[in-house]
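One structure is given here, and the rest of the page talks about it.
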Amino acid sequence: MQTTEKNNHAGYLSKVELENTTILNIFTKAGGYRWGKIYSEEKTFLILSWEVEVTTYEWEQDRVRKYNNSDGLITIPAHIPNIFYFPKDSEMLEWFRKNVKTERYERYSEMKK
């Protein structure tokens with residue numbers, strides 16, 4: 001098991017790598033964005049506190065869904081561009097298969113600036 005931590009202007013991220021799984025514990029400050037990527041496999045997340053707005057690009061349009069800590073496990077399918085926006089200070093867990101391939105989704109990545 002390997003653990004790393006990262007702090008920046010958006011908050012912090014703690015990453016644990018197990019044999020075949022990567023688990024992220026993520027705290028994001030209000031107004032922050034995370035990701036802007038496309039994952040080659042599905043990813044699952046659980047909101048621990050407050051809420052998140054997830055924008056995905058599906059069927060040639062942006063879809064915004066709001067989730068909070070009472071929604072349980074949430075999955076984003078593989079190959080769906082996504083970006084997370086945090087209107088309040090929020091914490092979540094996210095996990096996916098270790099070494100999953102990602103690519104930057106330029107339009108959503110630009111939203112983070």
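Residue numbering restarts at 1 for every chain of the structure tokens, chains are lettered A, B, ... in their displayed order, and ligands are numbered from 1 as they appear.
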Among the residues of chain A, find those DSSP assigns to alpha helix (DSSP H) from the backbone and print them as a ChimeraX atom specification. /A:106-111
Filtered DSSP result for chain A, state strand (DSSP E or B), as an MDAnalysis selection string: chainID A and resid 2:8 11:17 21:28 32:39 43:49 51:58 61:68 74:76 82:86 90:97 102:104
Saved selection, atoms kept: C-alpha atoms, as a PDB file, in the first residue's frame:
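Written out: result.pdb:
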```pdb
ATOM      1  CA  GLN A   2       1.311   3.409  -1.009  1.00  0.00           C
ATOM      2  CA  THR A   3      -0.085   6.734   0.258  1.00  0.00           C
ATOM      3  CA  THR A   4       0.543  10.223  -1.123  1.00  0.00           C
ATOM      4  CA  GLU A   5      -0.934  13.617  -0.279  1.00  0.00           C
ATOM      5  CA  LYS A   6      -1.260  16.785  -2.294  1.00  0.00           C
ATOM      6  CA  ASN A   7      -2.335  20.254  -1.144  1.00  0.00           C
ATOM      7  CA  ASN A   8      -3.091  23.163  -3.456  1.00  0.00           C
ATOM      8  CA  GLY A  11      -7.953  21.897  -1.168  1.00  0.00           C
ATOM      9  CA  TYR A  12      -6.253  18.570  -0.569  1.00  0.00           C
ATOM     10  CA  LEU A  13      -6.150  15.088  -2.005  1.00  0.00           C
ATOM     11  CA  SER A  14      -4.985  11.959  -0.201  1.00  0.00           C
ATOM     12  CA  LYS A  15      -4.297   8.977  -2.460  1.00  0.00           C
ATOM     13  CA  VAL A  16      -4.012   5.351  -1.380  1.00  0.00           C
ATOM     14  CA  GLU A  17      -2.918   2.724  -3.886  1.00  0.00           C
ATOM     15  CA  THR A  21      -7.422  -0.033  -6.762  1.00  0.00           C
ATOM     16  CA  THR A  22      -6.716   3.655  -6.303  1.00  0.00           C
ATOM     17  CA  ILE A  23      -8.725   5.400  -3.568  1.00  0.00           C
ATOM     18  CA  LEU A  24      -8.842   9.181  -3.292  1.00  0.00           C
ATOM     19  CA  ASN A  25     -10.015  11.161  -0.260  1.00  0.00           C
ATOM     20  CA  ILE A  26     -10.660  14.641  -1.622  1.00  0.00           C
ATOM     21  CA  PHE A  27     -11.484  17.890   0.153  1.00  0.00           C
ATOM     22  CA  THR A  28     -12.300  20.810  -2.131  1.00  0.00           C
ATOM     23  CA  GLY A  32     -13.362  24.764  -6.729  1.00  0.00           C
ATOM     24  CA  TYR A  33     -13.303  22.472  -9.750  1.00  0.00           C
ATOM     25  CA  ARG A  34     -11.670  19.065 -10.088  1.00  0.00           C
ATOM     26  CA  TRP A  35     -10.750  16.884 -13.067  1.00  0.00           C
ATOM     27  CA  GLY A  36     -11.891  17.696 -16.597  1.00  0.00           C
ATOM     28  CA  LYS A  37     -10.910  14.270 -17.853  1.00  0.00           C
ATOM     29  CA  ILE A  38     -12.142  11.167 -19.585  1.00  0.00           C
ATOM     30  CA  TYR A  39     -11.487   7.845 -17.818  1.00  0.00           C
ATOM     31  CA  LYS A  43     -15.188   5.569 -11.582  1.00  0.00           C
ATOM     32  CA  THR A  44     -17.225   5.523  -8.406  1.00  0.00           C
ATOM     33  CA  PHE A  45     -17.534   8.205  -5.760  1.00  0.00           C
ATOM     34  CA  LEU A  46     -19.272   8.906  -2.468  1.00  0.00           C
ATOM     35  CA  ILE A  47     -19.958  12.402  -1.130  1.00  0.00           C
ATOM     36  CA  LEU A  48     -18.990  12.535   2.552  1.00  0.00           C
ATOM     37  CA  SER A  49     -20.010  16.127   3.272  1.00  0.00           C
ATOM     38  CA  GLU A  51     -22.524  18.609  -2.252  1.00  0.00           C
ATOM     39  CA  VAL A  52     -21.044  18.476  -5.731  1.00  0.00           C
ATOM     40  CA  GLU A  53     -22.259  19.323  -9.229  1.00  0.00           C
ATOM     41  CA  VAL A  54     -21.017  16.892 -11.855  1.00  0.00           C
ATOM     42  CA  THR A  55     -21.076  17.967 -15.490  1.00  0.00           C
ATOM     43  CA  THR A  56     -20.791  15.177 -18.036  1.00  0.00           C
ATOM     44  CA  TYR A  57     -20.870  15.295 -21.804  1.00  0.00           C
ATOM     45  CA  GLU A  58     -23.407  12.724 -23.006  1.00  0.00           C
ATOM     46  CA  GLN A  61     -24.776  17.834 -24.710  1.00  0.00           C
ATOM     47  CA  ASP A  62     -23.660  18.830 -21.231  1.00  0.00           C
ATOM     48  CA  ARG A  63     -25.658  17.292 -18.391  1.00  0.00           C
ATOM     49  CA  VAL A  64     -25.367  18.724 -14.884  1.00  0.00           C
ATOM     50  CA  ARG A  65     -26.326  16.549 -11.938  1.00  0.00           C
ATOM     51  CA  LYS A  66     -26.260  17.586  -8.287  1.00  0.00           C
ATOM     52  CA  TYR A  67     -25.305  15.082  -5.621  1.00  0.00           C
ATOM     53  CA  ASN A  68     -25.003  15.304  -1.847  1.00  0.00           C
ATOM     54  CA  ILE A  74     -22.440   7.320  -7.651  1.00  0.00           C
ATOM     55  CA  THR A  75     -20.811   5.960 -10.818  1.00  0.00           C
ATOM     56  CA  ILE A  76     -19.641   7.749 -13.938  1.00  0.00           C
ATOM     57  CA  ASN A  82     -16.616  14.882 -16.609  1.00  0.00           C
ATOM     58  CA  ILE A  83     -15.816  17.786 -14.324  1.00  0.00           C
ATOM     59  CA  PHE A  84     -16.774  18.313 -10.694  1.00  0.00           C
ATOM     60  CA  TYR A  85     -17.767  21.698  -9.246  1.00  0.00           C
ATOM     61  CA  PHE A  86     -18.008  22.233  -5.487  1.00  0.00           C
ATOM     62  CA  SER A  90     -16.958  19.425   0.375  1.00  0.00           C
ATOM     63  CA  GLU A  91     -15.294  16.090   0.970  1.00  0.00           C
ATOM     64  CA  MET A  92     -15.673  12.907  -1.056  1.00  0.00           C
ATOM     65  CA  LEU A  93     -14.145   9.508  -1.679  1.00  0.00           C
ATOM     66  CA  GLU A  94     -13.460   8.283  -5.186  1.00  0.00           C
ATOM     67  CA  TRP A  95     -12.044   4.996  -6.448  1.00  0.00           C
ATOM     68  CA  PHE A  96     -11.169   3.312  -9.692  1.00  0.00           C
ATOM     69  CA  ARG A  97      -8.948   0.528 -10.966  1.00  0.00           C
ATOM     70  CA  THR A 102      -7.185   9.108 -18.503  1.00  0.00           C
ATOM     71  CA  GLU A 103      -7.092  11.854 -21.050  1.00  0.00           C
ATOM     72  CA  ARG A 104      -7.674  15.546 -20.632  1.00  0.00           C
TER      73      ARG A 104
END
```
As an exercise, work out the distance from atom CA of Met111 of chain A to atom CA of Pro77 of chain A in Å and give it to one decimal place.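 Atom CA of Pro77 of chain A lies at a distance of 21.2 Å from atom CA of Met111 of chain A.
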Hey, can you check how far atom CA of Glu60 of chain A sits from atom CA of Ala78 of chain A? 15.7 Å
Nearest residue to Val100 of chain A from the set A:Glu42, A:Trp50, A:Asp71, A:Pro87 (distances using only C-alpha atoms):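 Smallest separation from Val100 of chain A among the options: A:Glu42.
Picture a line from atom CA of Tyr108 of chain A to atom CA of Leu73 of chain A; it runs 23.2 Å.
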